[in-house]
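Colleague: Pasting input38.cif here (mmCIF, N, CA and C atoms):
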data_entry
loop_
_atom_site.label_atom_id
_atom_site.label_comp_id
_atom_site.auth_asym_id
_atom_site.auth_seq_id
_atom_site.Cartn_x
_atom_site.Cartn_y
_atom_site.Cartn_z
N MET A 262 -0.09 -17.41 -2.97
CA MET A 262 0.65 -16.30 -2.43
C MET A 262 1.12 -16.68 -1.03
N THR A 263 2.36 -17.05 -0.93
CA THR A 263 2.88 -17.47 0.35
C THR A 263 4.20 -16.80 0.63
N ALA A 264 4.36 -16.31 1.83
CA ALA A 264 5.64 -15.76 2.24
C ALA A 264 6.46 -16.90 2.82
N ASP A 265 7.75 -16.90 2.56
CA ASP A 265 8.55 -18.02 3.03
C ASP A 265 9.17 -17.78 4.41
N ASP A 266 9.14 -16.57 4.92
CA ASP A 266 9.55 -16.32 6.30
C ASP A 266 8.97 -14.99 6.76
N SER A 267 9.24 -14.62 7.98
CA SER A 267 8.61 -13.44 8.56
C SER A 267 9.44 -12.18 8.35
N PHE A 268 10.45 -12.21 7.50
CA PHE A 268 11.30 -11.05 7.30
C PHE A 268 11.03 -10.32 6.00
N GLY A 269 9.81 -10.42 5.48
CA GLY A 269 9.45 -9.70 4.28
C GLY A 269 9.99 -10.31 3.01
N ARG A 270 10.38 -11.56 3.04
CA ARG A 270 10.85 -12.23 1.84
C ARG A 270 9.67 -12.95 1.18
N ILE A 271 9.75 -13.05 -0.13
CA ILE A 271 8.65 -13.66 -0.88
C ILE A 271 9.18 -14.67 -1.88
N ASP A 272 8.33 -15.58 -2.27
CA ASP A 272 8.65 -16.51 -3.34
C ASP A 272 8.32 -15.82 -4.66
N ASP A 273 9.29 -15.73 -5.55
CA ASP A 273 9.08 -15.04 -6.82
C ASP A 273 7.91 -15.60 -7.61
N ASP A 274 7.74 -16.91 -7.58
CA ASP A 274 6.71 -17.53 -8.41
C ASP A 274 5.31 -17.41 -7.83
N ASP A 275 5.20 -17.23 -6.52
CA ASP A 275 3.90 -17.28 -5.87
C ASP A 275 3.30 -15.91 -5.54
N TYR A 276 4.08 -14.87 -5.51
CA TYR A 276 3.60 -13.58 -5.02
C TYR A 276 3.41 -12.61 -6.16
N PRO A 277 2.23 -12.00 -6.27
CA PRO A 277 2.00 -11.05 -7.36
C PRO A 277 2.62 -9.69 -7.05
N ALA A 278 3.91 -9.55 -7.28
CA ALA A 278 4.59 -8.30 -7.00
C ALA A 278 5.47 -7.94 -8.20
N TYR A 279 5.80 -6.67 -8.29
CA TYR A 279 6.57 -6.18 -9.42
C TYR A 279 8.00 -5.88 -9.00
N THR A 280 8.94 -6.10 -9.91
CA THR A 280 10.32 -5.73 -9.64
C THR A 280 10.42 -4.21 -9.59
N MET A 281 11.53 -3.70 -9.06
CA MET A 281 11.69 -2.26 -8.95
C MET A 281 11.60 -1.59 -10.32
N GLY A 282 12.26 -2.18 -11.31
CA GLY A 282 12.23 -1.58 -12.64
C GLY A 282 10.83 -1.55 -13.23
N ARG A 283 10.09 -2.65 -13.09
CA ARG A 283 8.72 -2.71 -13.62
C ARG A 283 7.81 -1.77 -12.84
N ALA A 284 7.98 -1.70 -11.53
CA ALA A 284 7.16 -0.80 -10.71
C ALA A 284 7.41 0.65 -11.12
N ALA A 285 8.67 1.02 -11.34
CA ALA A 285 8.98 2.38 -11.77
C ALA A 285 8.38 2.67 -13.14
N GLU A 286 8.42 1.67 -14.03
CA GLU A 286 7.84 1.83 -15.36
C GLU A 286 6.33 2.05 -15.27
N ILE A 287 5.65 1.28 -14.43
CA ILE A 287 4.21 1.42 -14.26
C ILE A 287 3.86 2.82 -13.74
N LEU A 288 4.68 3.32 -12.81
CA LEU A 288 4.43 4.64 -12.22
C LEU A 288 4.89 5.78 -13.13
N GLY A 289 5.68 5.45 -14.15
CA GLY A 289 6.21 6.50 -15.03
C GLY A 289 7.28 7.32 -14.32
N THR A 290 8.08 6.65 -13.53
CA THR A 290 9.12 7.35 -12.77
C THR A 290 10.40 6.52 -12.84
N THR A 291 11.35 6.82 -11.99
CA THR A 291 12.63 6.12 -11.98
C THR A 291 12.75 5.29 -10.71
N PRO A 292 13.62 4.28 -10.72
CA PRO A 292 13.86 3.50 -9.50
C PRO A 292 14.34 4.37 -8.33
N SER A 293 15.04 5.46 -8.63
CA SER A 293 15.51 6.33 -7.54
C SER A 293 14.34 6.95 -6.77
N PHE A 294 13.22 7.20 -7.45
CA PHE A 294 12.04 7.72 -6.76
C PHE A 294 11.51 6.68 -5.77
N LEU A 295 11.47 5.41 -6.20
CA LEU A 295 11.02 4.35 -5.29
C LEU A 295 11.98 4.21 -4.11
N ARG A 296 13.28 4.36 -4.36
CA ARG A 296 14.24 4.32 -3.25
C ARG A 296 13.99 5.46 -2.28
N ALA A 297 13.67 6.65 -2.81
CA ALA A 297 13.39 7.81 -1.96
C ALA A 297 12.16 7.55 -1.09
N LEU A 298 11.15 6.90 -1.65
CA LEU A 298 9.96 6.56 -0.86
C LEU A 298 10.32 5.56 0.23
N GLY A 299 11.22 4.65 -0.07
CA GLY A 299 11.69 3.71 0.93
C GLY A 299 12.49 4.41 2.02
N ASP A 300 13.34 5.36 1.62
CA ASP A 300 14.12 6.12 2.60
C ASP A 300 13.21 6.94 3.51
N ALA A 301 12.09 7.42 2.97
CA ALA A 301 11.13 8.19 3.76
C ALA A 301 10.18 7.28 4.54
N ARG A 302 10.39 5.97 4.43
CA ARG A 302 9.61 4.95 5.14
C ARG A 302 8.14 4.91 4.73
N LEU A 303 7.85 5.30 3.50
CA LEU A 303 6.47 5.18 3.02
C LEU A 303 6.19 3.74 2.60
N ILE A 304 7.07 3.19 1.80
CA ILE A 304 6.90 1.80 1.39
C ILE A 304 8.21 1.06 1.62
N THR A 305 8.11 -0.12 2.13
CA THR A 305 9.27 -0.98 2.32
C THR A 305 9.12 -2.14 1.35
N PRO A 306 10.02 -2.22 0.37
CA PRO A 306 9.86 -3.29 -0.60
C PRO A 306 10.03 -4.66 0.03
N LEU A 307 9.28 -5.60 -0.50
CA LEU A 307 9.46 -6.99 -0.11
C LEU A 307 10.72 -7.49 -0.80
N ARG A 308 11.28 -8.56 -0.33
CA ARG A 308 12.49 -9.11 -0.95
C ARG A 308 12.23 -10.53 -1.44
N SER A 309 12.68 -10.81 -2.64
CA SER A 309 12.57 -12.17 -3.16
C SER A 309 13.72 -13.00 -2.60
N LYS A 310 13.71 -14.29 -2.88
CA LYS A 310 14.79 -15.15 -2.40
C LYS A 310 16.13 -14.68 -2.92
N GLY A 311 16.16 -14.12 -4.09
CA GLY A 311 17.40 -13.62 -4.67
C GLY A 311 17.80 -12.26 -4.14
N GLY A 312 16.99 -11.68 -3.27
CA GLY A 312 17.30 -10.38 -2.69
C GLY A 312 16.80 -9.20 -3.49
N HIS A 313 16.04 -9.46 -4.55
CA HIS A 313 15.54 -8.37 -5.38
C HIS A 313 14.35 -7.69 -4.72
N ARG A 314 14.27 -6.37 -4.88
CA ARG A 314 13.13 -5.62 -4.35
C ARG A 314 11.90 -5.92 -5.19
N ARG A 315 10.76 -6.09 -4.50
CA ARG A 315 9.49 -6.34 -5.17
C ARG A 315 8.43 -5.45 -4.52
N TYR A 316 7.49 -4.97 -5.32
CA TYR A 316 6.46 -4.06 -4.84
C TYR A 316 5.08 -4.63 -5.15
N SER A 317 4.19 -4.61 -4.15
CA SER A 317 2.83 -5.11 -4.34
C SER A 317 1.98 -4.05 -5.03
N ARG A 318 0.79 -4.46 -5.44
CA ARG A 318 -0.14 -3.51 -6.06
C ARG A 318 -0.53 -2.41 -5.08
N TYR A 319 -0.72 -2.78 -3.82
CA TYR A 319 -1.05 -1.78 -2.80
C TYR A 319 0.08 -0.75 -2.67
N GLN A 320 1.32 -1.22 -2.65
CA GLN A 320 2.44 -0.30 -2.55
C GLN A 320 2.52 0.61 -3.77
N LEU A 321 2.19 0.09 -4.94
CA LEU A 321 2.19 0.92 -6.14
C LEU A 321 1.10 2.00 -6.07
N ARG A 322 -0.04 1.65 -5.50
CA ARG A 322 -1.11 2.65 -5.35
C ARG A 322 -0.66 3.77 -4.43
N ILE A 323 -0.01 3.41 -3.34
CA ILE A 323 0.51 4.40 -2.38
C ILE A 323 1.59 5.26 -3.06
N ALA A 324 2.49 4.61 -3.80
CA ALA A 324 3.57 5.33 -4.47
C ALA A 324 3.02 6.28 -5.53
N ALA A 325 1.95 5.86 -6.22
CA ALA A 325 1.35 6.72 -7.25
C ALA A 325 0.77 7.98 -6.63
N ARG A 326 0.15 7.85 -5.48
CA ARG A 326 -0.40 9.04 -4.79
C ARG A 326 0.73 9.96 -4.35
N ALA A 327 1.81 9.39 -3.84
CA ALA A 327 2.96 10.20 -3.44
C ALA A 327 3.55 10.91 -4.65
N ARG A 328 3.61 10.22 -5.77
CA ARG A 328 4.17 10.83 -6.98
C ARG A 328 3.31 12.01 -7.44
N GLU A 329 1.99 11.89 -7.33
CA GLU A 329 1.10 13.01 -7.69
C GLU A 329 1.46 14.25 -6.87
N LEU A 330 1.64 14.04 -5.57
CA LEU A 330 1.96 15.17 -4.69
C LEU A 330 3.33 15.76 -5.00
N VAL A 331 4.31 14.90 -5.28
CA VAL A 331 5.65 15.37 -5.61
C VAL A 331 5.62 16.15 -6.92
N ASP A 332 4.85 15.68 -7.89
CA ASP A 332 4.72 16.39 -9.16
C ASP A 332 4.10 17.77 -8.98
N GLN A 333 3.32 17.94 -7.91
CA GLN A 333 2.69 19.24 -7.63
C GLN A 333 3.62 20.14 -6.81
N GLY A 334 4.83 19.65 -6.50
CA GLY A 334 5.81 20.48 -5.80
C GLY A 334 6.00 20.17 -4.33
N THR A 335 5.33 19.15 -3.83
CA THR A 335 5.48 18.78 -2.42
C THR A 335 6.77 17.99 -2.26
N PRO A 336 7.59 18.31 -1.24
CA PRO A 336 8.80 17.52 -1.01
C PRO A 336 8.45 16.05 -0.71
N VAL A 337 9.35 15.14 -1.04
CA VAL A 337 9.10 13.71 -0.92
C VAL A 337 8.71 13.34 0.51
N ASP A 338 9.45 13.82 1.51
CA ASP A 338 9.13 13.47 2.91
C ASP A 338 7.73 13.93 3.30
N ALA A 339 7.36 15.15 2.91
CA ALA A 339 6.03 15.66 3.23
C ALA A 339 4.95 14.88 2.48
N ALA A 340 5.21 14.55 1.23
CA ALA A 340 4.25 13.77 0.44
C ALA A 340 4.01 12.42 1.09
N CYS A 341 5.07 11.81 1.60
CA CYS A 341 4.93 10.52 2.26
C CYS A 341 4.08 10.62 3.52
N ARG A 342 4.31 11.66 4.30
CA ARG A 342 3.49 11.85 5.51
C ARG A 342 2.03 12.07 5.16
N ILE A 343 1.77 12.85 4.12
CA ILE A 343 0.39 13.11 3.69
C ILE A 343 -0.28 11.80 3.27
N VAL A 344 0.41 11.00 2.48
CA VAL A 344 -0.16 9.75 1.99
C VAL A 344 -0.44 8.80 3.14
N ILE A 345 0.47 8.73 4.10
CA ILE A 345 0.25 7.88 5.28
C ILE A 345 -0.99 8.33 6.04
N LEU A 346 -1.13 9.63 6.25
CA LEU A 346 -2.30 10.15 6.97
C LEU A 346 -3.59 9.89 6.19
N GLU A 347 -3.55 10.06 4.87
CA GLU A 347 -4.73 9.78 4.05
C GLU A 347 -5.12 8.31 4.16
N ASP A 348 -4.13 7.43 4.14
CA ASP A 348 -4.38 6.00 4.23
C ASP A 348 -4.98 5.65 5.59
N GLN A 349 -4.46 6.26 6.65
CA GLN A 349 -4.99 6.02 7.99
C GLN A 349 -6.42 6.53 8.10
N LEU A 350 -6.70 7.68 7.49
CA LEU A 350 -8.06 8.23 7.51
C LEU A 350 -9.03 7.31 6.79
N GLU A 351 -8.64 6.80 5.61
CA GLU A 351 -9.51 5.87 4.88
C GLU A 351 -9.81 4.63 5.70
N GLU A 352 -8.78 4.10 6.37
CA GLU A 352 -8.96 2.90 7.19
C GLU A 352 -9.90 3.20 8.36
N ALA A 353 -9.72 4.34 9.01
CA ALA A 353 -10.59 4.71 10.13
C ALA A 353 -12.04 4.88 9.66
N GLN A 354 -12.23 5.48 8.50
CA GLN A 354 -13.58 5.66 7.97
C GLN A 354 -14.22 4.31 7.63
N ARG A 355 -13.43 3.40 7.09
CA ARG A 355 -13.95 2.07 6.77
C ARG A 355 -14.36 1.33 8.04
N ILE A 356 -13.53 1.39 9.06
CA ILE A 356 -13.84 0.73 10.33
C ILE A 356 -15.07 1.36 10.95
N ASN A 357 -15.17 2.69 10.90
CA ASN A 357 -16.32 3.38 11.46
C ASN A 357 -17.60 2.98 10.73
N ALA A 358 -17.53 2.87 9.43
CA ALA A 358 -18.72 2.49 8.65
C ALA A 358 -19.15 1.07 8.99
N GLU A 359 -18.19 0.17 9.16
CA GLU A 359 -18.52 -1.21 9.51
C GLU A 359 -19.09 -1.32 10.92
N THR A 360 -18.60 -0.51 11.82
CA THR A 360 -19.02 -0.56 13.22
C THR A 360 -20.43 -0.01 13.42
N HIS A 361 -20.79 1.00 12.65
CA HIS A 361 -22.06 1.67 12.87
C HIS A 361 -23.10 1.35 11.81
N ARG A 362 -23.07 0.16 11.28
CA ARG A 362 -24.09 -0.25 10.32
C ARG A 362 -25.40 -0.51 11.03
N THR A 363 -26.46 -0.14 10.39
CA THR A 363 -27.78 -0.44 10.95
C THR A 363 -28.33 -1.68 10.25
N PRO A 364 -29.03 -2.51 10.97
CA PRO A 364 -29.58 -3.71 10.34
C PRO A 364 -30.61 -3.35 9.29
N ARG A 365 -30.62 -4.13 8.23
CA ARG A 365 -31.60 -3.90 7.17
C ARG A 365 -32.76 -4.86 7.34
N GLY A 366 -33.89 -4.43 6.89
CA GLY A 366 -35.06 -5.30 6.96
C GLY A 366 -35.79 -5.13 8.28
N PRO A 367 -36.82 -5.92 8.48
CA PRO A 367 -37.61 -5.78 9.71
C PRO A 367 -36.80 -6.29 10.92
N TYR A 368 -37.05 -5.64 12.03
CA TYR A 368 -36.40 -6.06 13.26
C TYR A 368 -37.04 -7.36 13.73
N PRO A 369 -36.25 -8.22 14.33
CA PRO A 369 -36.83 -9.48 14.84
C PRO A 369 -37.83 -9.18 15.95
N THR A 370 -38.88 -9.92 15.96
CA THR A 370 -39.87 -9.75 17.01
C THR A 370 -39.83 -10.96 17.92
N THR A 371 -40.22 -10.72 19.15
CA THR A 371 -40.26 -11.84 20.10
C THR A 371 -41.71 -12.23 20.30
N ALA A 372 -41.97 -13.49 20.20
CA ALA A 372 -43.33 -13.99 20.40
C ALA A 372 -43.56 -14.18 21.90
N THR A 373 -44.70 -13.72 22.39
CA THR A 373 -45.01 -13.88 23.82
C THR A 373 -46.21 -14.75 24.01
#
Show me the file's structure as structure tokens.
Modeller:
Amino acid sequence: MTADDSFGRIDDDDYPAYTMGRAAEILGTTPSFLRALGDARLITPLRSKGGHRRYSRYQLRIAARARELVDQGTPVDAACRIVILEDQLEEAQRINAETHRTPRGPYPTTAT
């Protein structure tokens, strides 16, 4: 998995990402929904050398959560903001859990 430059371009053969059509099929939606998520700045598709949009598994997970909210009647822009906040909360909780771990086992003793 190697990116060929710093502008979000990917090598088609090396990167595990889905084309827009396949990503929409996996989500059970249309490519226009993925474009709407991009317009709302929730997910920015990676680009292959040929300029085709590609979506990672992480982006599909985020898009699936947004689709759940949209299916429940939430506008796309609001759903995107909710998903971003949920993702930030999960990351903060993960960092907090890693920071405040207590050592397991007996505490080291100092010999005097």
Colleague: Hey, what comes out of the PyMOL selection byres (((chain A and resi 285-294 and name CA) around 12) and name CA) on this file? Could you write it as a PyMOL selection string?
Modeller: chain A and resi 279-284+295-301+303-304+306+314-318+320-329+331-332+336-338+341
Colleague: Which of range 275-345 of chain A end up as alpha helix (DSSP H) when DSSP is run on this backbone - answer as number ranges by chain?
Modeller: A: 281-288, 292-300, 318-332, 337-345
Colleague: Do you have the atom N of Ser309 in chain A-atom C of Glu352 in chain A distance handy?
Modeller: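 Spanning atom N of Ser309 in chain A to atom C of Glu352 in chain A is a straight-line distance of 28.8 Å.
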Colleague: Could you tell me how far atom N of Asn357 in chain A sits from atom C of Val344 in chain A, in Å to one decimal place?
Modeller: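 Between these atoms lies a distance of 17.7 Å.
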Colleague: Between CA of Lys310 in chain A and CA of Asp348 in chain A, what is the spacing in Å?
Modeller: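 Computing the Euclidean distance for CA of Asp348 in chain A and CA of Lys310 in chain A yields 29.3 Å.
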